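The file coords_2.csv contains CSV, C-alpha atoms:
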chain,number,residue,atom,x,y,z
B,1,MET,CA,0.0,0.0,0.0
B,2,ASN,CA,3.0,2.2,0.3
B,3,ASP,CA,3.7,1.9,-3.4
B,4,PRO,CA,4.0,5.5,-4.7
B,5,SER,CA,2.7,4.4,-8.1
B,6,ARG,CA,-0.7,3.6,-6.6
B,7,ILE,CA,-3.5,6.1,-6.7
B,8,ASP,CA,-5.4,6.6,-3.4
B,9,GLY,CA,-3.6,3.5,-2.2
B,10,VAL,CA,-5.9,1.4,-4.5
B,11,LEU,CA,-5.1,1.8,-8.1
B,12,PRO,CA,-1.7,1.6,-9.6
B,13,ALA,CA,-1.0,4.8,-11.6
B,14,GLY,CA,0.0,5.0,-15.2
B,15,ASP,CA,1.0,1.8,-17.0
B,16,GLY,CA,2.4,0.1,-14.0
B,17,LEU,CA,5.6,-1.0,-15.7
B,18,THR,CA,8.9,0.5,-15.0
B,19,PRO,CA,11.2,1.7,-17.8
B,20,GLU,CA,13.5,-1.2,-17.0
B,21,GLN,CA,10.6,-3.7,-17.3
B,22,LYS,CA,9.6,-2.2,-20.6
B,23,ARG,CA,13.1,-2.6,-21.9
B,24,LEU,CA,13.2,-6.2,-20.8
B,25,ILE,CA,9.8,-6.9,-22.4
B,26,GLN,CA,10.9,-5.3,-25.6
B,27,ARG,CA,14.0,-7.6,-25.6
B,28,ALA,CA,11.9,-10.6,-24.8
B,29,ILE,CA,9.2,-10.0,-27.5
B,30,GLU,CA,11.5,-10.0,-30.4
B,31,PRO,CA,10.1,-8.0,-33.5
B,32,MET,CA,9.0,-10.2,-36.3
B,33,GLU,CA,10.2,-9.0,-39.7
B,34,LEU,CA,7.6,-8.7,-42.4
B,35,ASN,CA,7.9,-10.6,-45.6
B,36,ARG,CA,9.4,-8.3,-48.3
B,37,ALA,CA,7.4,-9.8,-51.1
B,38,ARG,CA,4.2,-9.3,-49.0
B,39,ILE,CA,5.1,-5.6,-48.5
B,40,GLU,CA,5.5,-5.2,-52.3
B,41,GLU,CA,2.1,-6.8,-52.7
B,42,THR,CA,0.5,-4.4,-50.2
B,43,LEU,CA,2.1,-1.4,-51.8
B,44,GLN,CA,0.6,-2.6,-55.1
B,45,ARG,CA,-2.8,-2.8,-53.5
B,46,ALA,CA,-2.3,0.6,-52.1
B,47,ARG,CA,-1.6,2.0,-55.5
B,48,GLN,CA,-4.8,0.4,-56.8
B,49,LEU,CA,-6.7,2.0,-53.9
B,50,GLU,CA,-5.2,5.3,-54.9
B,51,ALA,CA,-6.6,5.3,-58.4
B,52,PRO,CA,-10.2,6.2,-57.6
B,53,ARG,CA,-9.0,8.8,-55.1
B,54,GLU,CA,-6.9,10.4,-57.9
B,55,ARG,CA,-10.0,10.5,-60.1
B,56,TRP,CA,-12.0,12.3,-57.5
B,57,ARG,CA,-9.1,14.7,-57.0
B,58,HIS,CA,-9.3,15.6,-60.7
B,59,TRP,CA,-13.1,16.2,-60.3
B,60,ARG,CA,-12.4,18.5,-57.4
B,61,PHE,CA,-9.9,20.4,-59.5
B,62,ALA,CA,-12.4,20.7,-62.3
B,63,ALA,CA,-15.1,21.9,-59.9
B,64,ALA,CA,-12.7,24.5,-58.4
B,65,ALA,CA,-11.7,25.6,-61.9
B,66,MET,CA,-15.4,26.1,-62.9
B,67,ILE,CA,-16.1,28.1,-59.8
B,68,ALA,CA,-13.0,30.3,-60.5
B,69,VAL,CA,-14.1,30.8,-64.1
B,70,SER,CA,-17.6,31.7,-62.9
B,71,LEU,CA,-16.3,34.2,-60.4
B,72,ILE,CA,-14.0,35.8,-63.1
B,73,ALA,CA,-16.9,36.0,-65.6
B,74,GLY,CA,-19.2,37.4,-62.9
B,75,GLY,CA,-16.6,40.0,-62.0
B,76,TYR,CA,-16.1,41.0,-65.6
B,77,TRP,CA,-19.8,41.3,-66.1
B,78,LYS,CA,-20.1,43.4,-63.0
B,79,TRP,CA,-17.2,45.7,-63.6
B,80,SER,CA,-17.7,46.0,-67.4
B,81,GLY,CA,-21.1,47.6,-66.8
B,82,GLU,CA,-23.0,44.7,-68.2
B,83,ASP,CA,-24.7,44.5,-64.9
B,84,SER,CA,-27.9,46.4,-65.6
B,85,ASN,CA,-27.9,48.1,-62.2
B,86,GLU,CA,-24.6,49.7,-63.2
B,87,LEU,CA,-25.7,50.8,-66.7
B,88,PRO,CA,-25.1,54.4,-67.5
B,89,PHE,CA,-28.5,56.2,-67.2
B,90,ASP,CA,-28.4,57.4,-70.8
B,91,ARG,CA,-27.9,53.9,-72.1
B,92,ALA,CA,-30.8,52.6,-69.9
B,93,ILE,CA,-33.0,55.3,-71.2
B,94,ASP,CA,-32.1,54.5,-74.8
B,95,ILE,CA,-33.0,50.9,-74.2
B,96,ILE,CA,-36.3,51.8,-72.6
B,97,ALA,CA,-37.1,54.1,-75.5
B,98,ASN,CA,-36.7,51.2,-77.9
B,99,PRO,CA,-39.7,48.9,-77.6
B,100,ASP,CA,-37.5,45.9,-78.4
B,101,GLY,CA,-35.0,46.8,-75.7
B,102,PHE,CA,-37.4,46.8,-72.8
B,103,ARG,CA,-36.0,44.9,-69.9
B,104,PHE,CA,-37.1,45.0,-66.3
B,105,GLU,CA,-33.5,45.5,-65.1
B,106,ASN,CA,-33.0,48.5,-67.3
B,107,ILE,CA,-36.4,50.0,-66.3
B,108,ARG,CA,-35.4,49.4,-62.7
B,109,THR,CA,-32.1,51.2,-63.2
B,110,ALA,CA,-33.9,54.2,-64.8
B,111,GLN,CA,-36.5,54.2,-62.0
B,112,VAL,CA,-33.9,54.3,-59.3
B,113,LYS,CA,-32.0,57.1,-61.0
B,114,LEU,CA,-35.2,58.9,-61.7
B,115,TRP,CA,-36.2,58.6,-58.1
B,116,LEU,CA,-33.0,60.1,-57.0
B,117,ARG,CA,-33.4,62.9,-59.6
B,118,MET,CA,-36.9,63.5,-58.3
B,119,GLN,CA,-35.7,63.8,-54.7
B,120,ASN,CA,-33.1,66.3,-55.8
B,121,THR,CA,-35.8,68.2,-57.7
B,122,LEU,CA,-38.0,68.3,-54.7
B,123,GLU,CA,-35.2,69.5,-52.5
B,124,LEU,CA,-34.5,72.3,-54.9
B,125,LEU,CA,-38.2,73.1,-55.2
B,126,LYS,CA,-38.4,73.7,-51.5
B,127,LYS,CA,-35.8,76.4,-51.6
B,128,ARG,CA,-36.4,77.6,-55.2
B,129,ASP,CA,-36.4,81.2,-54.1
B,130,GLU,CA,-32.7,80.9,-53.4
B,131,LEU,CA,-31.9,79.3,-56.8
B,132,ALA,CA,-30.3,81.0,-59.7
B,133,ASP,CA,-32.5,81.5,-62.8
B,134,SER,CA,-30.6,78.8,-64.8
B,135,THR,CA,-31.2,76.3,-61.9
B,136,LYS,CA,-34.9,77.2,-61.7
B,137,LEU,CA,-35.1,76.4,-65.4
B,138,VAL,CA,-33.6,73.0,-64.8
B,139,VAL,CA,-36.0,72.3,-62.0
B,140,ALA,CA,-38.9,73.4,-64.1
B,141,ASN,CA,-37.8,71.1,-67.0
B,142,ALA,CA,-37.4,68.3,-64.6
B,143,ILE,CA,-40.9,68.7,-63.3
B,144,ASP,CA,-42.2,69.1,-66.7
B,145,SER,CA,-40.5,66.0,-68.0
B,146,LEU,CA,-41.4,63.9,-65.0
B,147,VAL,CA,-45.1,64.8,-65.2
B,148,LEU,CA,-45.3,64.3,-68.9
B,149,ILE,CA,-44.8,60.6,-68.4
B,150,GLU,CA,-47.6,60.4,-66.0
B,151,ALA,CA,-50.6,58.5,-67.3
B,152,ASN,CA,-52.4,58.6,-64.0
B,153,CYS,CA,-51.4,62.1,-63.0
B,154,PRO,CA,-53.4,63.7,-60.2
B,155,ARG,CA,-56.0,66.0,-61.6
B,156,ASP,CA,-54.6,69.1,-60.0
B,157,MET,CA,-51.1,68.5,-61.1
B,158,ASP,CA,-51.4,71.1,-63.9
B,159,ALA,CA,-52.6,73.7,-61.4
B,160,LEU,CA,-49.6,72.9,-59.2
B,161,LEU,CA,-47.3,73.4,-62.1
B,162,VAL,CA,-48.9,76.8,-62.9
B,163,GLN,CA,-48.5,77.7,-59.3
B,164,ILE,CA,-44.8,76.7,-59.3
B,165,ALA,CA,-44.1,78.4,-62.6
B,166,GLY,CA,-45.7,81.6,-61.1
B,167,GLY,CA,-43.3,81.5,-58.2
B,168,GLU,CA,-46.1,81.0,-55.7
B,169,PRO,CA,-45.2,79.1,-52.5
B,170,LEU,CA,-46.6,75.6,-52.1
B,171,THR,CA,-48.2,74.4,-48.9
B,172,ALA,CA,-47.0,71.2,-47.2
B,173,ALA,CA,-50.1,69.4,-48.5
B,174,GLN,CA,-49.5,70.6,-52.0
B,175,LEU,CA,-45.9,69.6,-51.9
B,176,ALA,CA,-46.9,66.1,-50.7
B,177,ARG,CA,-49.4,65.8,-53.5
B,178,PHE,CA,-46.9,67.0,-56.0
B,179,GLU,CA,-44.5,64.4,-54.7
B,180,ARG,CA,-47.1,61.7,-55.1
B,181,GLY,CA,-47.5,62.9,-58.7
B,182,LEU,CA,-43.8,62.5,-59.3
B,183,VAL,CA,-43.8,59.0,-57.8
B,184,ALA,CA,-46.6,58.1,-60.1
B,185,GLY,CA,-44.5,59.4,-63.0
B,186,VAL,CA,-41.7,57.2,-61.9
B,187,SER,CA,-44.1,54.3,-61.7
B,188,ALA,CA,-45.2,55.0,-65.3
B,189,ILE,CA,-41.6,54.7,-66.4
B,190,ARG,CA,-41.4,51.4,-64.9
B,191,HIS,CA,-44.4,50.2,-66.9
B,192,ALA,CA,-43.3,52.0,-70.0
B,193,GLY,CA,-42.9,48.8,-71.9
B,194,ARG,CA,-46.5,47.9,-71.2
B,195,LEU,CA,-48.2,51.2,-72.1
B,196,ASP,CA,-50.6,51.3,-74.9
B,197,ASP,CA,-49.7,52.9,-78.2
B,198,LEU,CA,-51.0,56.4,-77.3
B,199,HIS,CA,-48.9,56.5,-74.1
B,200,ALA,CA,-46.0,54.8,-75.7
B,201,GLU,CA,-45.6,57.8,-78.0
B,202,TYR,CA,-44.6,59.8,-75.1
B,203,VAL,CA,-41.8,57.5,-74.0
B,204,PRO,CA,-39.2,58.5,-76.6
B,205,ILE,CA,-40.1,62.2,-76.0
B,206,LEU,CA,-39.8,61.7,-72.3
B,207,THR,CA,-36.5,59.8,-72.5
B,208,ARG,CA,-35.0,62.5,-74.7
B,209,ARG,CA,-36.0,65.2,-72.3
B,210,LEU,CA,-34.7,63.2,-69.4
B,211,ARG,CA,-31.4,62.8,-71.1
B,212,ASP,CA,-31.3,66.5,-71.8
B,213,LEU,CA,-32.1,67.2,-68.2
B,214,LEU,CA,-29.4,64.9,-66.9
B,215,SER,CA,-26.8,66.2,-69.3
B,216,ASP,CA,-27.0,69.4,-67.3
B,217,ASP,CA,-25.2,67.7,-64.4
S,1,MET,CA,14.7,1.8,-46.1
S,2,THR,CA,15.2,4.7,-43.7
S,3,ILE,CA,12.8,4.5,-40.8
S,4,LEU,CA,10.4,7.5,-41.0
S,5,ASP,CA,8.9,9.3,-38.1
S,6,ASP,CA,5.1,9.1,-37.6
S,7,GLY,CA,4.5,12.7,-38.8
S,8,GLU,CA,6.2,12.0,-42.1
S,9,ILE,CA,4.4,8.7,-42.5
S,10,ILE,CA,1.1,10.3,-42.0
S,11,ARG,CA,1.9,13.3,-44.3
S,12,ARG,CA,2.8,10.9,-47.1
S,13,MET,CA,-0.2,8.7,-46.7
S,14,ARG,CA,-2.5,11.8,-46.7
S,15,ARG,CA,-1.2,12.9,-50.0
S,16,GLY,CA,-1.6,9.4,-51.5
S,17,ASP,CA,2.0,8.5,-51.4
S,18,VAL,CA,2.3,4.7,-51.0
S,19,THR,CA,5.8,5.1,-49.5
S,20,GLY,CA,3.9,6.2,-46.4
S,21,VAL,CA,2.4,2.7,-46.2
S,22,GLU,CA,5.9,1.2,-46.6
S,23,GLY,CA,7.2,3.5,-43.9
S,24,LEU,CA,4.4,2.5,-41.6
S,25,LEU,CA,5.1,-1.2,-42.1
S,26,HIS,CA,8.8,-0.8,-41.6
S,27,ALA,CA,8.5,1.5,-38.5
S,28,HIS,CA,5.7,-0.4,-36.7
S,29,GLY,CA,5.0,-3.6,-38.5
S,30,PRO,CA,7.6,-6.0,-36.9
S,31,ARG,CA,6.7,-4.9,-33.4
S,32,VAL,CA,3.0,-5.1,-34.0
S,33,LYS,CA,3.3,-8.5,-35.6
S,34,ALA,CA,5.2,-9.8,-32.6
S,35,SER,CA,2.7,-8.3,-30.2
S,36,LEU,CA,-0.2,-9.8,-32.1
S,37,ARG,CA,1.4,-13.1,-31.9
S,38,LEU,CA,1.7,-12.8,-28.1
S,39,ARG,CA,-1.9,-11.4,-27.8
S,40,PHE,CA,-3.5,-14.2,-29.8
S,41,GLY,CA,-1.1,-17.0,-29.0
S,42,LEU,CA,-0.5,-17.9,-32.6
S,43,GLY,CA,2.4,-19.8,-34.2
S,44,ARG,CA,5.3,-18.1,-35.7
S,45,GLY,CA,4.6,-18.9,-39.3
S,46,ASP,CA,1.0,-18.1,-39.2
S,47,HIS,CA,0.0,-16.2,-42.3
S,48,ALA,CA,-2.9,-14.6,-40.5
S,49,LEU,CA,-0.5,-12.5,-38.5
S,50,GLU,CA,1.1,-11.1,-41.6
S,51,ASP,CA,-2.2,-10.6,-43.3
S,52,ALA,CA,-3.6,-8.7,-40.4
S,53,VAL,CA,-0.7,-6.2,-40.2
S,54,HIS,CA,-0.9,-5.5,-44.0
S,55,ASP,CA,-4.7,-5.2,-44.0
S,56,ALA,CA,-4.5,-2.8,-41.1
S,57,ALA,CA,-1.9,-0.7,-42.9
S,58,LEU,CA,-4.1,-0.5,-46.0
S,59,ILE,CA,-7.1,0.5,-43.8
S,60,MET,CA,-5.0,3.3,-42.2
S,61,TYR,CA,-3.9,4.4,-45.6
S,62,GLN,CA,-7.5,4.8,-46.7
S,63,ARG,CA,-8.4,6.7,-43.5
S,64,ALA,CA,-5.2,8.7,-43.4
S,65,ARG,CA,-7.0,12.0,-43.4
S,66,ARG,CA,-9.0,11.1,-40.3
S,67,LEU,CA,-6.0,9.9,-38.3
S,68,ASP,CA,-4.8,12.2,-35.6
S,69,ALA,CA,-1.2,13.0,-36.5
S,70,LYS,CA,-0.3,13.7,-32.9
S,71,ARG,CA,-1.1,10.3,-31.7
S,72,ASN,CA,0.9,7.1,-31.8
S,73,LEU,CA,0.6,5.5,-35.2
S,74,GLY,CA,1.9,2.2,-33.8
S,75,GLY,CA,-1.1,2.2,-31.4
S,76,TYR,CA,-3.5,2.7,-34.4
S,77,LEU,CA,-1.8,-0.1,-36.3
S,78,MET,CA,-1.9,-2.4,-33.3
S,79,ILE,CA,-5.6,-1.8,-32.5
S,80,THR,CA,-6.6,-2.0,-36.2
S,81,ALA,CA,-4.5,-5.1,-36.9
S,82,GLY,CA,-5.9,-6.7,-33.7
S,83,ARG,CA,-9.4,-6.2,-34.9
S,84,GLU,CA,-8.6,-7.6,-38.3
S,85,LEU,CA,-7.0,-10.7,-36.8
S,86,ALA,CA,-9.8,-11.2,-34.3
S,87,ARG,CA,-12.3,-11.1,-37.2
S,88,ALA,CA,-10.2,-13.6,-39.2
S,89,LEU,CA,-9.9,-15.9,-36.3
S,90,GLU,CA,-13.6,-15.7,-35.6
S,91,GLN,CA,-14.4,-16.5,-39.3
S,92,CYS,CA,-12.0,-19.4,-39.1
S,93,ARG,CA,-13.6,-20.8,-35.9
S,94,THR,CA,-17.1,-20.5,-37.3
S,95,GLY,CA,-16.0,-22.0,-40.6
S,96,SER,CA,-17.2,-18.9,-42.7
S,97,GLY,CA,-13.7,-17.9,-43.8
S,98,ASP,CA,-12.0,-18.8,-47.1
S,99,PHE,CA,-8.9,-19.8,-45.3
S,100,GLU,CA,-7.7,-22.0,-42.5
S,101,ILE,CA,-5.5,-21.0,-39.6
S,102,VAL,CA,-3.8,-23.7,-37.6
S,103,LEU,CA,-4.4,-22.8,-33.9
S,104,GLU,CA,-2.0,-25.4,-32.6
S,105,ASN,CA,-0.3,-24.8,-29.3
S,106,VAL,CA,3.2,-24.6,-30.5
S,107,PRO,CA,5.7,-25.2,-27.6
S,108,VAL,CA,7.3,-21.9,-26.5
S,109,ASP,CA,10.8,-23.2,-27.1
S,110,GLU,CA,10.0,-24.1,-30.7
S,111,ARG,CA,8.6,-20.6,-31.3
S,112,ARG,CA,11.8,-19.0,-30.2
S,113,GLU,CA,14.1,-19.5,-33.0
S,114,SER,CA,16.4,-16.5,-32.9
S,115,THR,CA,16.6,-15.6,-29.3
S,116,THR,CA,19.8,-16.6,-27.7
S,117,ASP,CA,19.4,-14.7,-24.5
S,118,GLU,CA,18.3,-17.2,-21.8
S,119,PHE,CA,16.8,-14.5,-19.6
S,120,SER,CA,14.7,-13.1,-22.5
S,121,LEU,CA,13.7,-16.7,-23.4
S,122,ALA,CA,12.6,-17.3,-19.8
S,123,LEU,CA,10.8,-14.0,-19.6
S,124,ARG,CA,9.1,-14.7,-22.9
S,125,ARG,CA,7.9,-18.0,-21.5
S,126,LEU,CA,6.5,-16.1,-18.5
S,127,LEU,CA,4.7,-13.6,-20.8
S,128,ASP,CA,3.3,-16.4,-22.9
S,129,GLU,CA,1.8,-18.0,-19.9
S,130,LEU,CA,0.2,-14.9,-18.4
S,131,PRO,CA,-3.5,-15.0,-17.8
S,132,ASP,CA,-5.4,-14.1,-21.0
S,133,ARG,CA,-6.4,-10.6,-20.1
S,134,GLU,CA,-3.1,-9.7,-18.7
S,135,ARG,CA,-1.4,-11.0,-21.8
S,136,GLU,CA,-3.7,-9.1,-24.0
S,137,ILE,CA,-3.1,-5.8,-22.2
S,138,LEU,CA,0.6,-6.3,-22.2
S,139,ALA,CA,0.6,-7.2,-25.9
S,140,ILE,CA,-1.4,-4.1,-26.8
S,141,ASP,CA,0.9,-2.0,-24.6
S,142,HIS,CA,4.0,-3.4,-26.3
S,143,GLY,CA,2.5,-3.2,-29.8
S,144,SER,CA,1.8,0.5,-29.2
S,145,ASP,CA,5.3,1.1,-27.9
S,146,PHE,CA,3.9,1.7,-24.4
S,147,LYS,CA,2.3,4.9,-25.6
S,148,ILE,CA,-1.4,3.9,-25.4
S,149,SER,CA,-3.8,5.0,-22.7
S,150,ALA,CA,-5.6,2.7,-20.3
S,151,ASP,CA,-8.9,4.1,-21.5
S,152,ARG,CA,-8.1,3.1,-25.1
S,153,ILE,CA,-7.2,-0.5,-24.1
S,154,ALA,CA,-10.2,-0.7,-21.9
S,155,GLU,CA,-12.4,0.4,-24.8
S,156,GLU,CA,-10.7,-2.2,-27.1
S,157,LEU,CA,-11.1,-5.1,-24.7
S,158,GLY,CA,-14.6,-4.1,-23.5
S,159,THR,CA,-13.5,-3.6,-19.9
S,160,THR,CA,-12.8,-0.7,-17.5
S,161,ARG,CA,-9.8,1.5,-16.9
S,162,HIS,CA,-9.7,0.3,-13.4
S,163,THR,CA,-9.4,-3.3,-14.6
S,164,VAL,CA,-6.6,-2.3,-17.0
S,165,TYR,CA,-4.7,-0.6,-14.2
S,166,VAL,CA,-5.1,-3.6,-11.9
S,167,LEU,CA,-4.0,-6.1,-14.5
S,168,ARG,CA,-1.1,-4.0,-15.5
S,169,HIS,CA,0.0,-3.8,-11.9
S,170,ARG,CA,-0.3,-7.6,-11.5
S,171,THR,CA,1.9,-8.0,-14.6
S,172,ARG,CA,4.4,-5.7,-13.1
S,173,GLN,CA,4.5,-7.7,-9.9
S,174,ARG,CA,4.9,-10.9,-11.8
S,175,ILE,CA,7.9,-9.5,-13.7
S,176,GLU,CA,9.4,-8.2,-10.5
S,177,GLU,CA,9.0,-11.6,-8.9
S,178,PHE,CA,10.4,-13.2,-12.0
S,179,CYS,CA,13.5,-10.9,-11.9
S,180,GLU,CA,14.1,-11.6,-8.2
S,181,GLU,CA,13.7,-15.3,-8.7
S,182,TRP,CA,15.9,-15.3,-11.8
S,183,GLY,CA,18.6,-13.3,-9.9
S,184,ARG,CA,18.5,-15.7,-7.0
S,185,VAL,CA,18.7,-18.8,-9.4
S,186,ARG,CA,21.6,-17.2,-11.2
S,187,ALA,CA,23.4,-16.3,-8.0
S,188,THR,CA,23.1,-19.9,-6.7
S,189,GLY,CA,24.1,-21.3,-10.1
S,190,GLY,CA,20.8,-23.1,-10.6
S,191,ASP,CA,18.8,-23.5,-13.8
S,192,ALA,CA,16.3,-21.0,-14.9
Go ahead and render the structure in this file as structure tokens.
Amino acid sequence: MNDPSRIDGVLPAGDGLTPEQKRLIQRAIEPMELNRARIEETLQRARQLEAPRERWRHWRFAAAAMIAVSLIAGGYWKWSGEDSNELPFDRAIDIIANPDGFRFENIRTAQVKLWLRMQNTLELLKKRDELADSTKLVVANAIDSLVLIEANCPRDMDALLVQIAGGEPLTAAQLARFERGLVAGVSAIRHAGRLDDLHAEYVPILTRRLRDLLSDD
Amino acid sequence: MTILDDGEIIRRMRRGDVTGVEGLLHAHGPRVKASLRLRFGLGRGDHALEDAVHDAALIMYQRARRLDAKRNLGGYLMITAGRELARALEQCRTGSGDFEIVLENVPVDERRESTTDEFSLALRRLLDELPDREREILAIDHGSDFKISADRIAEELGTTRHTVYVLRHRTRQRIEEFCEEWGRVRATGGDA
């Protein structure tokens, strides 16, 4: 019980054998050499096992190469401007103006840019008294072009335009209504490809005017 | 062939290099084969011993990516080969195998062909005659180069760590007694 290799006086700790005993055992249990021919046979079997693993390795390389090519192609598409969200506005407008070129992505691009343009216009409108004459003209053109698109324009939109053109201040309610009108105009752009012939006539005119408007930037 | 360390063996096997298998067999095969022979009490020329070691090496080669590089490869080989051999022996006993293993009790002296050291021969006789469980534990310990845990042995033999500790201790005591007896016999000039 005084054996220091015992745990709690009950269990022997570790492997119980002393280094000297291990050495004696290793000497007593003599290693048995393996058959050389048998080793060669095993290596041959190992090479055969390797064959299918190699094949899968090639597949993995092929899959990795495909992913890399996809990423490169995607990056090129994105950075070259082929991504419709990154299309220059003018180009998007051109495509919208062409009935054969109608694509949702391009419409969406135009819509987003138009929305930003409208926000800017509204901001300018709120402080139009401070604007230079040339800027006032730009704002007026912007409003004009935006409203022209509108197929479902609020009835009093024309009155509001007259009011703006006359330099009269707009109330908050009028401004909100005017904003709704502009939003409706943007919505019309979005559906431009589905407008009937009468309304479709306006699209090329509208897009030209929008382009002119934007070229003032 | 130069003996490779375990890290290099496993690296080679993981990249599909069969020289890793060769390195494994050279580094651990002879010791594991001898330990298996002790564990299962087989004859020296038994082909099942050799087959088990080679099959285990191939199994480890296929599972190289899942092996823990920090652990003892000899232990892995010993455990895997032990399972393969146990399966082969079981098939043989139930008559379901395609081969036949002669499970004769070869006298210890006939098994020892190359040992010239009398002390080692006598110690080997003692080890061969250990109770089954003690002999199995000692064989696994030896095959793993004494680097395997009691938990792992207990798991392999379906027993508890406590039992492994106790049986290891008994073996230690037997060897101590054997050494004392051997020294006394030698001192008095008697036969071993």
Taking only C-alpha atoms into account, produce a table as JSON lines in which each residue of chain B with an atom at most 6 Å from an atom of chain S appears once, together with its shortest atom pair and the distance in Å to one decimal, ordered by chain and rising number.
{"residue": "B:Pro12", "atom": "CA", "partner": "S:Tyr165", "partner_atom": "CA", "distance": 5.9}
{"residue": "B:Gly16", "atom": "CA", "partner": "S:His169", "partner_atom": "CA", "distance": 5.0}
{"residue": "B:Leu17", "atom": "CA", "partner": "S:Arg172", "partner_atom": "CA", "distance": 5.5}
{"residue": "B:Ala28", "atom": "CA", "partner": "S:Ser120", "partner_atom": "CA", "distance": 4.4}
{"residue": "B:Pro31", "atom": "CA", "partner": "S:Arg31", "partner_atom": "CA", "distance": 4.6}
{"residue": "B:Met32", "atom": "CA", "partner": "S:Pro30", "partner_atom": "CA", "distance": 4.5}
{"residue": "B:Glu33", "atom": "CA", "partner": "S:Pro30", "partner_atom": "CA", "distance": 4.9}
Quick one, how far is CA of Leu85 in chain S from CA of Ala48 in chain S?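 Pair CA of Leu85 in chain S / CA of Ala48 in chain S returns 6.8 Å.
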Just want the 9 Å neighbourhood of Arg83 in chain S, counted on only C-alpha atoms, with same-chain residues fewer than 6 positions away dropped. Output as a PyMOL selection string. chain S and resi 52+56+156
Between CA of Glu136 in chain S and CA of Arg39 in chain S, what is the distance, to one decimal in Å?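 Value for the CA of Glu136 in chain S-CA of Arg39 in chain S distance: 4.8 Å.
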One decimal place gives the CA of Ile79 in chain S-CA of Ala154 in chain S separation as 11.6 Å
Calculated over all atoms listed in the file, which of the candidates S:Asp68, S:Glu129, S:Asp5, S:Glu84 has the smallest distance to Leu36 in chain S?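 Among the listed residues, S:Glu84 lies closest to Leu36 in chain S.
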